[in-house]
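Following: one structure in structure tokens, then a few remarks.
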There are 2 protein chains.
Amino acid sequence: MPHLKGLQENHLLAALPVDVQERLFPHMESVELPLGKVLYESGDTLRYVYFPTNAIVSLLYVMESGASAEISVVGNEGLIGVALFMGGESTTSRAIVQSAGLAYRLLGQRLKDEFNRHGALLHTLLRYTQALITQMAQTAVCNRHHSIDQQLCRWLLLSLDRLEGNELVMTQELIANMLGVRREGVTDAAGRLQRLGVIEYHRGRIQVLDRAKLESLSCECYAVVRKESDRLLPWAKYTDKV
Amino acid sequence: MPHLKGLQENHLLAALPVDVQERLFPHMESVELPLGKVLYESGDTLRYVYFPTNAIVSLLYVMESGASAEISVVGNEGLIGVALFMGGESTTSRAIVQSAGLAYRLLGQRLKDEFNRHGALLHTLLRYTQALITQMAQTAVCNRHHSIDQQLCRWLLLSLDRLEGNELVMTQELIANMLGVRREGVTDAAGRLQRLGVIEYHRGRIQVLDRAKLESLSCECYAVVRKESDRLLPWAKYTDKV
DNA sequence: TGAAGTCTGTACGTCGTCGTACATAGAGGT
DNA sequence: ACCTCTATGTACGACGACGTACAGACTTCA
């Protein structure tokens, strides 16, 4: 079976029973996800589902005015394309690559075929979807009540959890688009974090120096999402990250 | 079968095939949902699922500080207790009755038993869950970008869609808690709407006089949710409401 | 080496919402 | 009729985020 090792880097795939893996894996192909690539647009009928390994994909809604807001973020703990098995076939959001990397994709129909066997894949995907729901709900809360500074911390932590190492490759402009705030707002917040010695950044590269402090500066939203994800997706626990 | 007529007032139940109804309905009991009743608390293991008829239930997150934010709203188009069949058994949000009325409840295990037959109920519930996801996503967007005035309009419309008539029974204080804003902010916004002749209110009773205008004053979020709900839940179309 | 483009820093006035405080008015009970 | 409670109205300073404008610094490429 090709890519067998790489496929295991997606925790959701790795958690599937061997027989399910044997049916699915032969049909999966690896794809490079460059920064900014749009996997699907609002209203598009989904053709593939994507399982990221070291890539991160953001689901965001783009308003009529062009302004945007991130709904949730997906990395190696999950998949992009939930609407396929939920029955809607499309969503109102856009899926865009927020951190370049590798993913595996599978024809939607193949996923649905396996889903409709009503075995382990169904239960795994539904649990993942609930984790996604929790993240979306907390995004709504965070948007309502928390400052840009707090939201930036939350966002950095969510991204960090889905990457190896402690470096993020992304400009402040990009972060601003995700959070749905001005770029200057991110500059201010990031400047404060840098002065506190929590992060260090330079032209699109952000090093996290003090993760513990970052967590303490974040609002409760990160911890809520993280805790619920760990509960719902035991296979994806980031136990090495404190 | 008892309550047969009443049960049909929940559009999701009404849309189920007869054989599914015949298995489920005998186990359902009607319950009064008084204003403010908490159906479940954050972290509670869900025991029942609830199918509202003329009641409206809000899912909201309560922060450590006590402040809250509504995540989504559920009426006769759906059910409360999605986490039961998604596999998590509990959620991070609270379910609280926002508009008193009647609902039918069913033991969670009964629902799961039928869900695990992998028939019509499964597909219906998953489609409903996707509609719920859309609503939550749009709540996040709305919280980020829109004014209290716009959000109030959206919120009134969402509630109106789930009730008969054009009167809402709810104080500004309650609305403020749902939207996660100050009561004074709601007073200001509602005052403006009243001066425009769109609504008329008096001590906890709000009459909507000009629904069309209300829609035009609302942000795009309402239309997005409504359109997607109509698409995903064809059985729940509010075709009589323009 | 110079030019163009990208990324980040800073400033200033405006606006919406917040926190707080207090006033008014209708409803219900005795 | 009186009191009490609840719901709503109004005001004011504070603060965070916005829109806008522009400057500086680094990178890339000719």
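Residue names in the structure tokens use chain letters A, B, ... in the order shown, residue numbers from 1 in each chain, and ligand numbers from 1 in the order shown.
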If the cut-off is 12 Å, can you tell me the residues of chain D near chain B, counting only C-alpha atoms (C1' of nucleotides)? I'd like them as a PyMOL selection string.
chain D and resi 6-11+17-18
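If you take only C-alpha atoms and a cut-off of 7 Å, the residues of chain A that reach chain B are A:Ala69, A:Ile71, A:Met86, A:Gly87, A:Gly88, A:Leu126, A:Arg127, A:Gln130, A:Ile133, A:Met136, A:Ala137, A:Thr139, A:Ala140, A:Val141, A:Asn143, A:Arg144, A:Leu232.
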Pull out every residue of chain C that has at least one atom within 9 Å of chain A, counting only C-alpha atoms (C1' of nucleotides), and report them as a PyMOL selection string.
chain C and resi 6-9
Generate a file of the selected residues that holds N, CA, C and O atoms (P, O5', C5', C4', C3', O3' and C1' of nucleotides), formatted as an mmCIF file, in the first residue's frame.
```
data_model
loop_
_atom_site.group_PDB
_atom_site.id
_atom_site.type_symbol
_atom_site.label_atom_id
_atom_site.label_comp_id
_atom_site.auth_asym_id
_atom_site.auth_seq_id
_atom_site.Cartn_x
_atom_site.Cartn_y
_atom_site.Cartn_z
ATOM 1 P P DT C 6 3.740 42.523 -3.588
ATOM 2 O "O5'" DT C 6 4.333 42.160 -2.157
ATOM 3 C "C5'" DT C 6 5.417 41.252 -2.076
ATOM 4 C "C4'" DT C 6 5.935 41.208 -0.663
ATOM 5 C "C3'" DT C 6 4.834 41.093 0.398
ATOM 6 O "O3'" DT C 6 5.232 40.105 1.331
ATOM 7 C "C1'" DT C 6 6.252 42.900 0.907
ATOM 8 P P DC C 7 4.167 39.463 2.304
ATOM 9 O "O5'" DC C 7 4.587 40.106 3.693
ATOM 10 C "C5'" DC C 7 5.880 39.846 4.220
ATOM 11 C "C4'" DC C 7 6.165 40.819 5.338
ATOM 12 C "C3'" DC C 7 5.085 40.896 6.413
ATOM 13 O "O3'" DC C 7 5.643 40.451 7.643
ATOM 14 C "C1'" DC C 7 5.880 43.057 5.797
ATOM 15 P P DT C 8 4.783 40.441 8.972
ATOM 16 O "O5'" DT C 8 5.136 41.871 9.571
ATOM 17 C "C5'" DT C 8 6.499 42.156 9.888
ATOM 18 C "C4'" DT C 8 6.647 43.583 10.349
ATOM 19 C "C3'" DT C 8 5.823 43.968 11.576
ATOM 20 O "O3'" DT C 8 6.711 44.432 12.570
ATOM 21 C "C1'" DT C 8 5.658 45.614 9.894
ATOM 22 P P DG C 9 6.146 44.866 13.976
ATOM 23 O "O5'" DG C 9 6.121 46.451 13.852
ATOM 24 C "C5'" DG C 9 7.356 47.160 13.779
ATOM 25 C "C4'" DG C 9 7.095 48.650 13.785
ATOM 26 C "C3'" DG C 9 6.252 49.154 14.959
ATOM 27 O "O3'" DG C 9 6.925 50.230 15.574
ATOM 28 C "C1'" DG C 9 5.350 49.927 12.898
#
```
For CA of Lys112 in chain B and CA of Leu84 in chain B, quote the distance in Å rounded to one decimal.
7.4 Å
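If you look at CA of Asn54 in chain B and CA of Pro234 in chain B, they are 19.0 Å away from each other.
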Check the smallest atom-to-atom distance from each of B:Val18, B:Leu121, B:Arg94, B:Asn10 to Thr45 in chain B using only C-alpha atoms, then report the winner.
B:Arg94
Shell around Val73 in chain B at 8 Å using only C-alpha atoms (C1' of nucleotides), local window under 5 positions removed, as a PyMOL selection string:
chain B and resi 56-59+158-159
Mind giving me the straight-line distance from CA of Gln207 in chain A to CA of Gly165 in chain A in Å, one decimal?
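Taking CA of Gln207 in chain A and CA of Gly165 in chain A, their separation equals 9.1 Å.
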Residues within 9 Å of Lys37 in chain B, please, as a list in words. Count only C-alpha atoms (C1' of nucleotides); anything in the same chain fewer than 6 positions from it doesn't count.
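With the cut-off at 9 Å, the set is Ala95, Ile96, Val97, Gln98 and Ala100 of chain B.
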Compare C:DG13, C:DG19, C:DG29, C:DG5 by their minimum atom-to-atom distance to DC26 in chain D, counting only C-alpha atoms (C1' of nucleotides), and give me the closest one.
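Of the candidates, the smallest distance to DC26 in chain D is held by C:DG5.
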Could the residues of range 29-57 of chain B that have an atom at most 7 Å from range 104-110 of chain B be listed as CSV, each with its closest atom pair and the distance in Å to one decimal, counting only C-alpha atoms and ordered by chain and ascending residue number?
```
residue,atom,partner,partner_atom,distance
B:Glu29,CA,B:Tyr104,CA,5.4
B:Ser30,CA,B:Tyr104,CA,4.3
B:Val31,CA,B:Tyr104,CA,5.8
B:Arg47,CA,B:Gly108,CA,5.4
B:Tyr48,CA,B:Leu107,CA,4.6
B:Val49,CA,B:Leu106,CA,5.5
B:Tyr50,CA,B:Arg105,CA,4.4
B:Phe51,CA,B:Tyr104,CA,5.0
B:Pro52,CA,B:Tyr104,CA,6.3
```
Strand (DSSP E or B) per DSSP on the backbone: members of range 94-221 of chain B, as a list in words:
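Here are the strand (DSSP E or B) residues of range 94-221 of chain B: Arg94, Ala95, Ile96, Val97, Gln98, Ser99, Gly101, Leu102, Ala103, Tyr104, Arg105, Leu106, Leu107, Glu167, Leu168, Val169, Ile199, Glu200, Tyr201, His202, Arg205, Ile206, Gln207 and Val208 of chain B.
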